[in-house]
Amino acid sequence: MERILITGSGGQLGTVLRKALIDKYGTERVVATDIRPRTDEFGSIDLLNAVDRNGLENLIKEQSITQIYHLAAILSASGEADPVRTWDINLKSWLNVLEAARKYKVEKVFFPSSIAVFGASANKVDTSQTEYLDPLTVYGISKAAGEQWGNYYFSKFGVDVRSIRYPGVIGHESLPGGGTTDYAVEIYHKAINNEAYTCYLSKNTALPMIYMADAIRATLELMDAPKEKIKTRTSYNINGLSFTPEEITRSIKKWYPNFTVEYQPDFRQKIAENWPSSIDDTQAQRDWNWSPHYQLDDVSNEMIAELRKKQNLLKEV
Ligand code: AKB
């Protein structure tokens, strides 16, 4: 009988993963938590600060948790405003989760890593699974260290840790916050409101991205894969799609020919320039059959249709 704990349930990925896990396991088996508690049509998101080790352990014990999805984190751009706090939130909470998983014999633990683990030395095109990691941001450092801690708890204590290095995630269900790849969601919101967009990256900066439906499917497929198939216990590269701000603009113009974008690169440009432009995910393909379904025009098509639907519903209210 699975009992699932999610931390960071109110975040961009957490919002959608929570719904997917509720669909899979039922509301009563999913314990959703966040630093900002709230109640919605799917039930309650309870207050949990994952940095509070006792609070986390008590919840795991009381709720007989069998799987943890630890999504609570501060992302690359906002993390730079307070590096020490970012390290504490991203890494201390992860160590708390790993320790609790070891002590209370949690069956599986999911850790979201990121393309932010790569830095200046990495080959930028088709960056490989085993590329050297020299991250530039404190978020990237915390994810690179977090991957190693996951691997350590797996090899030393047998904790079944599974992890994905997410590219930038694009979805219509929730808003990103504080990332370098957020522009790829913001741009659709501007387009459907017939507004111009000012992009904080330069027009030729290619980054790896993934559509939300693919990101959720990857997470569930990895967590469902037989244990012996999981050969990488740090974190898996996964590929979705790659594009530049200019290319996404061109795609959006197929629906909104008058849409305009201005480029005013800020500090996030440097972060993006040190990340890969595309990802090699051969190992995820081989170990657990990963393959993405959405390419750029598929993403635009669905984002625009879904955001328009939401907009029309709001107008009706
Ligand atoms: C960010 O931009 O910080 C995140 C990520 C790529 O991990 N979306």
# chains A, B, ... in the order shown; residues from 1 in each chain; ligands from 1
>>> residues_near_ligand(ligand="ligand 1", cutoff="7 Å", atoms="only C-alpha atoms and all ligand atoms", output="list in words")
Leu75, Ser76, Ala77, Ser114, Ile115, Ala116, Tyr166, Pro167, Gly168, Val169, Gly178, Gly179, Thr180, Thr181 and Asp182 of chain A
>>> write_last_selection(atoms="C-alpha atoms", output="CSV table (one decimal), in the first residue's frame")
chain,number,residue,atom,x,y,z
A,75,LEU,CA,15.8,27.9,-8.3
A,76,SER,CA,18.8,29.2,-10.2
A,77,ALA,CA,18.0,32.9,-10.6
A,114,SER,CA,18.7,20.0,-13.1
A,115,ILE,CA,20.7,21.0,-16.2
A,116,ALA,CA,22.1,23.6,-13.8
A,166,TYR,CA,15.2,18.5,-15.5
A,167,PRO,CA,15.6,20.9,-18.4
A,168,GLY,CA,13.4,24.1,-18.1
A,169,VAL,CA,9.8,22.9,-17.7
A,178,GLY,CA,12.8,32.2,-9.9
A,179,GLY,CA,14.4,30.1,-12.7
A,180,THR,CA,16.5,31.1,-15.7
A,181,THR,CA,14.2,29.2,-18.0
A,182,ASP,CA,11.0,30.9,-16.9
>>> residues_around(residues="range 35-52 of chain A", least_positions_apart="5", cutoff="8 Å", atoms="only C-alpha atoms", output="ChimeraX atom specification")
/A:7-10,19,27,72,88-89,92-94,96-97
>>> residues_around(residues="range 263-270 of chain A", least_positions_apart="2", cutoff="8 Å", atoms="only C-alpha atoms", output="number ranges by chain")
A: 77, 180, 198-203, 261, 272-274
>>> write_last_selection(atoms="N, CA and C atoms", output="compact mmCIF listing (two decimals), in the first residue's frame")
# COMPACT_ATOMS: atom_id res chain seq x y z
N ALA A 77 17.86 31.47 -10.55
CA ALA A 77 17.98 32.93 -10.58
C ALA A 77 17.73 33.51 -9.19
N THR A 180 15.91 30.40 -14.49
CA THR A 180 16.48 31.07 -15.65
C THR A 180 15.69 30.73 -16.91
N THR A 198 9.28 41.28 -23.24
CA THR A 198 10.69 41.66 -23.14
C THR A 198 11.43 40.48 -22.54
N CYS A 199 12.32 39.90 -23.35
CA CYS A 199 13.01 38.67 -22.94
C CYS A 199 14.34 39.02 -22.28
N TYR A 200 14.61 38.38 -21.14
CA TYR A 200 15.84 38.67 -20.39
C TYR A 200 17.03 37.84 -20.87
N LEU A 201 16.81 37.02 -21.91
CA LEU A 201 17.93 36.31 -22.54
C LEU A 201 18.10 36.84 -23.96
N SER A 202 19.28 36.66 -24.51
CA SER A 202 19.47 37.13 -25.89
C SER A 202 18.82 36.13 -26.86
N LYS A 203 18.56 36.60 -28.06
CA LYS A 203 17.70 35.81 -28.96
C LYS A 203 18.32 34.49 -29.41
N VAL A 261 8.76 40.56 -29.72
CA VAL A 261 9.65 40.33 -28.58
C VAL A 261 10.85 41.26 -28.69
N ALA A 272 22.52 31.23 -18.20
CA ALA A 272 22.09 30.42 -19.36
C ALA A 272 23.28 30.05 -20.25
N GLU A 273 24.21 30.97 -20.42
CA GLU A 273 25.35 30.71 -21.31
C GLU A 273 26.24 29.59 -20.78
N ASN A 274 26.18 29.36 -19.49
CA ASN A 274 27.01 28.30 -18.92
C ASN A 274 26.29 26.96 -18.86
>>> select_by_dssp(residues="range 151-269 of chain A", states="strand (DSSP E or B)", output="ChimeraX atom specification")
/A:161-166,168-170,197-199,207-211,236-237,241-243,261-263
>>> residues_around(residues="Ala213 in chain A", least_positions_apart="2", cutoff="9 Å", atoms="only C-alpha atoms", output="VMD selection string")
chain A and resid 16 170 to 171 210 to 211 215 to 218 293 to 294
>>> write_last_selection(atoms="all heavy atoms", output="PDB file, in the first residue's frame")
ATOM      1  N   VAL A  16       1.527  20.002 -10.594  1.00  0.00           N
ATOM      2  CA  VAL A  16       1.051  19.064 -11.608  1.00  0.00           C
ATOM      3  C   VAL A  16       1.366  17.617 -11.202  1.00  0.00           C
ATOM      4  O   VAL A  16       0.558  16.700 -11.407  1.00  0.00           O
ATOM      5  CB  VAL A  16       1.655  19.413 -12.990  1.00  0.00           C
ATOM      6  CG1 VAL A  16       0.976  18.611 -14.089  1.00  0.00           C
ATOM      7  CG2 VAL A  16       1.508  20.901 -13.274  1.00  0.00           C
ATOM      8  N   ILE A 170       8.073  23.619 -19.187  1.00  0.00           N
ATOM      9  CA  ILE A 170       7.055  24.526 -19.741  1.00  0.00           C
ATOM     10  C   ILE A 170       5.679  23.908 -19.536  1.00  0.00           C
ATOM     11  O   ILE A 170       5.423  22.795 -19.995  1.00  0.00           O
ATOM     12  CB  ILE A 170       7.255  24.714 -21.261  1.00  0.00           C
ATOM     13  CG1 ILE A 170       8.685  25.160 -21.553  1.00  0.00           C
ATOM     14  CG2 ILE A 170       6.247  25.714 -21.828  1.00  0.00           C
ATOM     15  CD1 ILE A 170       9.018  25.111 -23.032  1.00  0.00           C
ATOM     16  N   GLY A 171       4.801  24.634 -18.840  1.00  0.00           N
ATOM     17  CA  GLY A 171       3.454  24.103 -18.632  1.00  0.00           C
ATOM     18  C   GLY A 171       2.449  25.222 -18.474  1.00  0.00           C
ATOM     19  O   GLY A 171       2.803  26.346 -18.125  1.00  0.00           O
ATOM     20  N   ILE A 210      11.585  21.123 -21.550  1.00  0.00           N
ATOM     21  CA  ILE A 210      10.720  19.947 -21.645  1.00  0.00           C
ATOM     22  C   ILE A 210       9.287  20.387 -21.371  1.00  0.00           C
ATOM     23  O   ILE A 210       9.063  21.279 -20.537  1.00  0.00           O
ATOM     24  CB  ILE A 210      11.180  18.835 -20.662  1.00  0.00           C
ATOM     25  CG1 ILE A 210      10.442  17.525 -20.919  1.00  0.00           C
ATOM     26  CG2 ILE A 210      10.994  19.262 -19.200  1.00  0.00           C
ATOM     27  CD1 ILE A 210      11.084  16.315 -20.230  1.00  0.00           C
ATOM     28  N   TYR A 211       8.340  19.793 -22.079  1.00  0.00           N
ATOM     29  CA  TYR A 211       6.936  20.108 -21.820  1.00  0.00           C
ATOM     30  C   TYR A 211       6.486  19.373 -20.556  1.00  0.00           C
ATOM     31  O   TYR A 211       6.931  18.262 -20.276  1.00  0.00           O
ATOM     32  CB  TYR A 211       6.077  19.705 -23.028  1.00  0.00           C
ATOM     33  CG  TYR A 211       4.679  20.265 -22.931  1.00  0.00           C
ATOM     34  CD1 TYR A 211       4.466  21.621 -22.723  1.00  0.00           C
ATOM     35  CD2 TYR A 211       3.568  19.442 -23.027  1.00  0.00           C
ATOM     36  CE1 TYR A 211       3.183  22.145 -22.606  1.00  0.00           C
ATOM     37  CE2 TYR A 211       2.275  19.958 -22.924  1.00  0.00           C
ATOM     38  CZ  TYR A 211       2.101  21.313 -22.705  1.00  0.00           C
ATOM     39  OH  TYR A 211       0.837  21.828 -22.590  1.00  0.00           O
ATOM     40  N   ALA A 215       7.579  15.907 -18.722  1.00  0.00           N
ATOM     41  CA  ALA A 215       8.332  15.920 -17.458  1.00  0.00           C
ATOM     42  C   ALA A 215       7.654  15.029 -16.406  1.00  0.00           C
ATOM     43  O   ALA A 215       8.313  14.277 -15.683  1.00  0.00           O
ATOM     44  CB  ALA A 215       8.450  17.353 -16.934  1.00  0.00           C
ATOM     45  N   ILE A 216       6.322  15.099 -16.361  1.00  0.00           N
ATOM     46  CA  ILE A 216       5.578  14.279 -15.390  1.00  0.00           C
ATOM     47  C   ILE A 216       5.693  12.800 -15.763  1.00  0.00           C
ATOM     48  O   ILE A 216       5.943  11.934 -14.917  1.00  0.00           O
ATOM     49  CB  ILE A 216       4.083  14.712 -15.340  1.00  0.00           C
ATOM     50  CG1 ILE A 216       3.964  16.169 -14.883  1.00  0.00           C
ATOM     51  CG2 ILE A 216       3.252  13.778 -14.467  1.00  0.00           C
ATOM     52  CD1 ILE A 216       4.404  16.477 -13.476  1.00  0.00           C
ATOM     53  N   ARG A 217       5.543  12.530 -17.057  1.00  0.00           N
ATOM     54  CA  ARG A 217       5.628  11.131 -17.509  1.00  0.00           C
ATOM     55  C   ARG A 217       7.016  10.555 -17.220  1.00  0.00           C
ATOM     56  O   ARG A 217       7.145   9.421 -16.746  1.00  0.00           O
ATOM     57  CB  ARG A 217       5.302  11.055 -19.016  1.00  0.00           C
ATOM     58  CG  ARG A 217       5.158   9.637 -19.555  1.00  0.00           C
ATOM     59  CD  ARG A 217       4.592   9.638 -20.975  1.00  0.00           C
ATOM     60  NE  ARG A 217       5.327  10.517 -21.865  1.00  0.00           N
ATOM     61  CZ  ARG A 217       6.493  10.210 -22.437  1.00  0.00           C
ATOM     62  NH1 ARG A 217       7.044   9.029 -22.234  1.00  0.00           N
ATOM     63  NH2 ARG A 217       7.107  11.079 -23.225  1.00  0.00           N
ATOM     64  N   ALA A 218       8.056  11.369 -17.454  1.00  0.00           N
ATOM     65  CA  ALA A 218       9.425  10.907 -17.166  1.00  0.00           C
ATOM     66  C   ALA A 218       9.557  10.544 -15.683  1.00  0.00           C
ATOM     67  O   ALA A 218      10.119   9.502 -15.329  1.00  0.00           O
ATOM     68  CB  ALA A 218      10.429  11.995 -17.531  1.00  0.00           C
ATOM     69  N   HIS A 293       7.749  13.286 -26.097  1.00  0.00           N
ATOM     70  CA  HIS A 293       6.721  13.303 -27.140  1.00  0.00           C
ATOM     71  C   HIS A 293       6.538  14.679 -27.782  1.00  0.00           C
ATOM     72  O   HIS A 293       6.051  14.772 -28.883  1.00  0.00           O
ATOM     73  CB  HIS A 293       5.363  12.883 -26.563  1.00  0.00           C
ATOM     74  CG  HIS A 293       5.306  11.435 -26.179  1.00  0.00           C
ATOM     75  ND1 HIS A 293       4.287  10.882 -25.444  1.00  0.00           N
ATOM     76  CD2 HIS A 293       6.170  10.411 -26.424  1.00  0.00           C
ATOM     77  CE1 HIS A 293       4.511   9.599 -25.259  1.00  0.00           C
ATOM     78  NE2 HIS A 293       5.653   9.291 -25.827  1.00  0.00           N
ATOM     79  N   TYR A 294       6.877  15.742 -27.052  1.00  0.00           N
ATOM     80  CA  TYR A 294       6.514  17.093 -27.505  1.00  0.00           C
ATOM     81  C   TYR A 294       7.688  17.828 -28.140  1.00  0.00           C
ATOM     82  O   TYR A 294       8.733  17.976 -27.506  1.00  0.00           O
ATOM     83  CB  TYR A 294       6.023  17.940 -26.330  1.00  0.00           C
ATOM     84  CG  TYR A 294       4.627  17.581 -25.878  1.00  0.00           C
ATOM     85  CD1 TYR A 294       4.409  16.464 -25.069  1.00  0.00           C
ATOM     86  CD2 TYR A 294       3.533  18.357 -26.251  1.00  0.00           C
ATOM     87  CE1 TYR A 294       3.124  16.122 -24.645  1.00  0.00           C
ATOM     88  CE2 TYR A 294       2.250  18.034 -25.830  1.00  0.00           C
ATOM     89  CZ  TYR A 294       2.051  16.913 -25.033  1.00  0.00           C
ATOM     90  OH  TYR A 294       0.789  16.586 -24.613  1.00  0.00           O
TER      91      TYR A 294
END
>>> residues_around(residues="Asp126 in chain A", least_positions_apart="6", cutoff="7 Å", atoms="only C-alpha atoms", output="JSON, numbers by chain")
{"A": [278, 279, 280]}
>>> write_last_selection(atoms="N, CA, C and O atoms", output="PDB file, in the first residue's frame")
ATOM      1  N   SER A 278      21.867  21.608 -25.525  1.00  0.00           N
ATOM      2  CA  SER A 278      21.088  20.382 -25.750  1.00  0.00           C
ATOM      3  C   SER A 278      21.709  19.249 -24.936  1.00  0.00           C
ATOM      4  O   SER A 278      22.862  19.336 -24.509  1.00  0.00           O
ATOM      5  N   ILE A 279      20.921  18.189 -24.738  1.00  0.00           N
ATOM      6  CA  ILE A 279      21.271  17.147 -23.772  1.00  0.00           C
ATOM      7  C   ILE A 279      21.308  15.780 -24.450  1.00  0.00           C
ATOM      8  O   ILE A 279      20.411  15.459 -25.240  1.00  0.00           O
ATOM      9  N   ASP A 280      22.306  14.993 -24.117  1.00  0.00           N
ATOM     10  CA  ASP A 280      22.331  13.599 -24.564  1.00  0.00           C
ATOM     11  C   ASP A 280      21.725  12.728 -23.464  1.00  0.00           C
ATOM     12  O   ASP A 280      22.199  12.740 -22.334  1.00  0.00           O
TER      13      ASP A 280
END
>>> decode(residues="range 256-303 of chain A", atoms="N, CA and C atoms", output="PDB file, in the first residue's frame")
ATOM      1  N   TYR A 256       0.050  33.840 -33.457  1.00  0.00           N
ATOM      2  CA  TYR A 256      -0.095  35.290 -33.234  1.00  0.00           C
ATOM      3  C   TYR A 256       0.918  36.023 -34.118  1.00  0.00           C
ATOM      4  N   PRO A 257       0.579  36.229 -35.406  1.00  0.00           N
ATOM      5  CA  PRO A 257       1.556  36.802 -36.345  1.00  0.00           C
ATOM      6  C   PRO A 257       2.069  38.174 -35.925  1.00  0.00           C
ATOM      7  N   ASN A 258       1.296  38.916 -35.114  1.00  0.00           N
ATOM      8  CA  ASN A 258       1.746  40.266 -34.722  1.00  0.00           C
ATOM      9  C   ASN A 258       2.518  40.298 -33.413  1.00  0.00           C
ATOM     10  N   PHE A 259       2.769  39.140 -32.848  1.00  0.00           N
ATOM     11  CA  PHE A 259       3.469  39.070 -31.557  1.00  0.00           C
ATOM     12  C   PHE A 259       4.909  39.602 -31.706  1.00  0.00           C
ATOM     13  N   THR A 260       5.326  40.447 -30.755  1.00  0.00           N
ATOM     14  CA  THR A 260       6.691  40.984 -30.853  1.00  0.00           C
ATOM     15  C   THR A 260       7.466  40.740 -29.555  1.00  0.00           C
ATOM     16  N   VAL A 261       8.760  40.564 -29.718  1.00  0.00           N
ATOM     17  CA  VAL A 261       9.651  40.326 -28.578  1.00  0.00           C
ATOM     18  C   VAL A 261      10.850  41.262 -28.688  1.00  0.00           C
ATOM     19  N   GLU A 262      11.164  41.853 -27.544  1.00  0.00           N
ATOM     20  CA  GLU A 262      12.352  42.711 -27.456  1.00  0.00           C
ATOM     21  C   GLU A 262      13.347  41.970 -26.555  1.00  0.00           C
ATOM     22  N   TYR A 263      14.638  42.170 -26.796  1.00  0.00           N
ATOM     23  CA  TYR A 263      15.639  41.434 -26.004  1.00  0.00           C
ATOM     24  C   TYR A 263      16.429  42.381 -25.116  1.00  0.00           C
ATOM     25  N   GLN A 264      16.355  42.134 -23.810  1.00  0.00           N
ATOM     26  CA  GLN A 264      17.150  42.927 -22.859  1.00  0.00           C
ATOM     27  C   GLN A 264      17.802  41.973 -21.868  1.00  0.00           C
ATOM     28  N   PRO A 265      18.914  41.328 -22.286  1.00  0.00           N
ATOM     29  CA  PRO A 265      19.549  40.331 -21.420  1.00  0.00           C
ATOM     30  C   PRO A 265      19.960  40.935 -20.079  1.00  0.00           C
ATOM     31  N   ASP A 266      19.718  40.183 -18.991  1.00  0.00           N
ATOM     32  CA  ASP A 266      20.163  40.631 -17.668  1.00  0.00           C
ATOM     33  C   ASP A 266      21.081  39.567 -17.065  1.00  0.00           C
ATOM     34  N   PHE A 267      21.212  39.511 -15.748  1.00  0.00           N
ATOM     35  CA  PHE A 267      22.173  38.588 -15.122  1.00  0.00           C
ATOM     36  C   PHE A 267      21.893  37.118 -15.452  1.00  0.00           C
ATOM     37  N   ARG A 268      20.654  36.810 -15.856  1.00  0.00           N
ATOM     38  CA  ARG A 268      20.310  35.424 -16.176  1.00  0.00           C
ATOM     39  C   ARG A 268      20.970  34.938 -17.469  1.00  0.00           C
ATOM     40  N   GLN A 269      21.379  35.903 -18.311  1.00  0.00           N
ATOM     41  CA  GLN A 269      22.054  35.542 -19.559  1.00  0.00           C
ATOM     42  C   GLN A 269      23.333  34.735 -19.267  1.00  0.00           C
ATOM     43  N   LYS A 270      24.079  35.185 -18.269  1.00  0.00           N
ATOM     44  CA  LYS A 270      25.353  34.522 -17.941  1.00  0.00           C
ATOM     45  C   LYS A 270      25.086  33.103 -17.420  1.00  0.00           C
ATOM     46  N   ILE A 271      24.027  32.977 -16.622  1.00  0.00           N
ATOM     47  CA  ILE A 271      23.676  31.633 -16.110  1.00  0.00           C
ATOM     48  C   ILE A 271      23.363  30.726 -17.300  1.00  0.00           C
ATOM     49  N   ALA A 272      22.518  31.227 -18.201  1.00  0.00           N
ATOM     50  CA  ALA A 272      22.093  30.422 -19.357  1.00  0.00           C
ATOM     51  C   ALA A 272      23.277  30.047 -20.251  1.00  0.00           C
ATOM     52  N   GLU A 273      24.207  30.970 -20.419  1.00  0.00           N
ATOM     53  CA  GLU A 273      25.354  30.710 -21.307  1.00  0.00           C
ATOM     54  C   GLU A 273      26.242  29.595 -20.781  1.00  0.00           C
ATOM     55  N   ASN A 274      26.184  29.364 -19.489  1.00  0.00           N
ATOM     56  CA  ASN A 274      27.006  28.301 -18.915  1.00  0.00           C
ATOM     57  C   ASN A 274      26.286  26.956 -18.855  1.00  0.00           C
ATOM     58  N   TRP A 275      25.046  26.925 -19.277  1.00  0.00           N
ATOM     59  CA  TRP A 275      24.288  25.671 -19.309  1.00  0.00           C
ATOM     60  C   TRP A 275      24.369  25.051 -20.698  1.00  0.00           C
ATOM     61  N   PRO A 276      24.060  23.763 -20.793  1.00  0.00           N
ATOM     62  CA  PRO A 276      24.044  23.125 -22.113  1.00  0.00           C
ATOM     63  C   PRO A 276      22.996  23.759 -23.023  1.00  0.00           C
ATOM     64  N   SER A 277      23.199  23.595 -24.331  1.00  0.00           N
ATOM     65  CA  SER A 277      22.134  24.006 -25.250  1.00  0.00           C
ATOM     66  C   SER A 277      21.300  22.785 -25.638  1.00  0.00           C
ATOM     67  N   SER A 278      21.867  21.608 -25.525  1.00  0.00           N
ATOM     68  CA  SER A 278      21.088  20.382 -25.750  1.00  0.00           C
ATOM     69  C   SER A 278      21.709  19.249 -24.936  1.00  0.00           C
ATOM     70  N   ILE A 279      20.921  18.189 -24.738  1.00  0.00           N
ATOM     71  CA  ILE A 279      21.271  17.147 -23.772  1.00  0.00           C
ATOM     72  C   ILE A 279      21.308  15.780 -24.450  1.00  0.00           C
ATOM     73  N   ASP A 280      22.306  14.993 -24.117  1.00  0.00           N
ATOM     74  CA  ASP A 280      22.331  13.599 -24.564  1.00  0.00           C
ATOM     75  C   ASP A 280      21.725  12.728 -23.464  1.00  0.00           C
ATOM     76  N   ASP A 281      20.658  11.990 -23.809  1.00  0.00           N
ATOM     77  CA  ASP A 281      19.991  11.187 -22.776  1.00  0.00           C
ATOM     78  C   ASP A 281      19.988   9.696 -23.121  1.00  0.00           C
ATOM     79  N   THR A 282      21.057   9.278 -23.821  1.00  0.00           N
ATOM     80  CA  THR A 282      21.145   7.878 -24.247  1.00  0.00           C
ATOM     81  C   THR A 282      20.925   6.915 -23.081  1.00  0.00           C
ATOM     82  N   GLN A 283      21.476   7.276 -21.926  1.00  0.00           N
ATOM     83  CA  GLN A 283      21.398   6.338 -20.809  1.00  0.00           C
ATOM     84  C   GLN A 283      19.958   6.163 -20.293  1.00  0.00           C
ATOM     85  N   ALA A 284      19.207   7.282 -20.232  1.00  0.00           N
ATOM     86  CA  ALA A 284      17.798   7.192 -19.802  1.00  0.00           C
ATOM     87  C   ALA A 284      16.995   6.392 -20.829  1.00  0.00           C
ATOM     88  N   GLN A 285      17.326   6.572 -22.111  1.00  0.00           N
ATOM     89  CA  GLN A 285      16.641   5.794 -23.156  1.00  0.00           C
ATOM     90  C   GLN A 285      16.898   4.302 -22.946  1.00  0.00           C
ATOM     91  N   ARG A 286      18.181   3.989 -22.670  1.00  0.00           N
ATOM     92  CA  ARG A 286      18.587   2.583 -22.565  1.00  0.00           C
ATOM     93  C   ARG A 286      18.039   1.942 -21.283  1.00  0.00           C
ATOM     94  N   ASP A 287      18.124   2.675 -20.156  1.00  0.00           N
ATOM     95  CA  ASP A 287      17.782   2.045 -18.869  1.00  0.00           C
ATOM     96  C   ASP A 287      16.285   1.950 -18.635  1.00  0.00           C
ATOM     97  N   TRP A 288      15.549   3.005 -18.967  1.00  0.00           N
ATOM     98  CA  TRP A 288      14.103   2.951 -18.661  1.00  0.00           C
ATOM     99  C   TRP A 288      13.238   3.485 -19.801  1.00  0.00           C
ATOM    100  N   ASN A 289      13.821   3.359 -21.038  1.00  0.00           N
ATOM    101  CA  ASN A 289      13.051   3.629 -22.280  1.00  0.00           C
ATOM    102  C   ASN A 289      12.539   5.045 -22.409  1.00  0.00           C
ATOM    103  N   TRP A 290      13.291   6.028 -21.928  1.00  0.00           N
ATOM    104  CA  TRP A 290      12.803   7.404 -22.004  1.00  0.00           C
ATOM    105  C   TRP A 290      12.738   7.904 -23.446  1.00  0.00           C
ATOM    106  N   SER A 291      11.636   8.538 -23.808  1.00  0.00           N
ATOM    107  CA  SER A 291      11.625   9.340 -25.040  1.00  0.00           C
ATOM    108  C   SER A 291      10.564  10.433 -24.913  1.00  0.00           C
ATOM    109  N   PRO A 292      10.913  11.664 -25.300  1.00  0.00           N
ATOM    110  CA  PRO A 292       9.954  12.776 -25.191  1.00  0.00           C
ATOM    111  C   PRO A 292       8.937  12.722 -26.327  1.00  0.00           C
ATOM    112  N   HIS A 293       7.749  13.286 -26.097  1.00  0.00           N
ATOM    113  CA  HIS A 293       6.721  13.303 -27.140  1.00  0.00           C
ATOM    114  C   HIS A 293       6.538  14.679 -27.782  1.00  0.00           C
ATOM    115  N   TYR A 294       6.877  15.742 -27.052  1.00  0.00           N
ATOM    116  CA  TYR A 294       6.514  17.093 -27.505  1.00  0.00           C
ATOM    117  C   TYR A 294       7.688  17.828 -28.140  1.00  0.00           C
ATOM    118  N   GLN A 295       7.470  18.325 -29.373  1.00  0.00           N
ATOM    119  CA  GLN A 295       8.426  19.239 -29.996  1.00  0.00           C
ATOM    120  C   GLN A 295       7.843  20.659 -29.950  1.00  0.00           C
ATOM    121  N   LEU A 296       8.599  21.633 -30.461  1.00  0.00           N
ATOM    122  CA  LEU A 296       8.253  23.036 -30.188  1.00  0.00           C
ATOM    123  C   LEU A 296       6.829  23.428 -30.618  1.00  0.00           C
ATOM    124  N   ASP A 297       6.413  23.094 -31.834  1.00  0.00           N
ATOM    125  CA  ASP A 297       5.066  23.508 -32.262  1.00  0.00           C
ATOM    126  C   ASP A 297       3.973  22.756 -31.489  1.00  0.00           C
ATOM    127  N   ASP A 298       4.266  21.532 -31.042  1.00  0.00           N
ATOM    128  CA  ASP A 298       3.292  20.805 -30.190  1.00  0.00           C
ATOM    129  C   ASP A 298       3.110  21.558 -28.884  1.00  0.00           C
ATOM    130  N   VAL A 299       4.234  22.053 -28.343  1.00  0.00           N
ATOM    131  CA  VAL A 299       4.180  22.790 -27.077  1.00  0.00           C
ATOM    132  C   VAL A 299       3.371  24.071 -27.282  1.00  0.00           C
ATOM    133  N   SER A 300       3.688  24.816 -28.352  1.00  0.00           N
ATOM    134  CA  SER A 300       2.974  26.075 -28.610  1.00  0.00           C
ATOM    135  C   SER A 300       1.489  25.811 -28.786  1.00  0.00           C
ATOM    136  N   ASN A 301       1.168  24.803 -29.558  1.00  0.00           N
ATOM    137  CA  ASN A 301      -0.228  24.470 -29.829  1.00  0.00           C
ATOM    138  C   ASN A 301      -0.983  24.236 -28.514  1.00  0.00           C
ATOM    139  N   GLU A 302      -0.415  23.406 -27.654  1.00  0.00           N
ATOM    140  CA  GLU A 302      -1.120  23.049 -26.416  1.00  0.00           C
ATOM    141  C   GLU A 302      -1.114  24.197 -25.402  1.00  0.00           C
ATOM    142  N   MET A 303       0.023  24.868 -25.293  1.00  0.00           N
ATOM    143  CA  MET A 303       0.097  25.996 -24.339  1.00  0.00           C
ATOM    144  C   MET A 303      -0.939  27.056 -24.704  1.00  0.00           C
TER     145      MET A 303
END
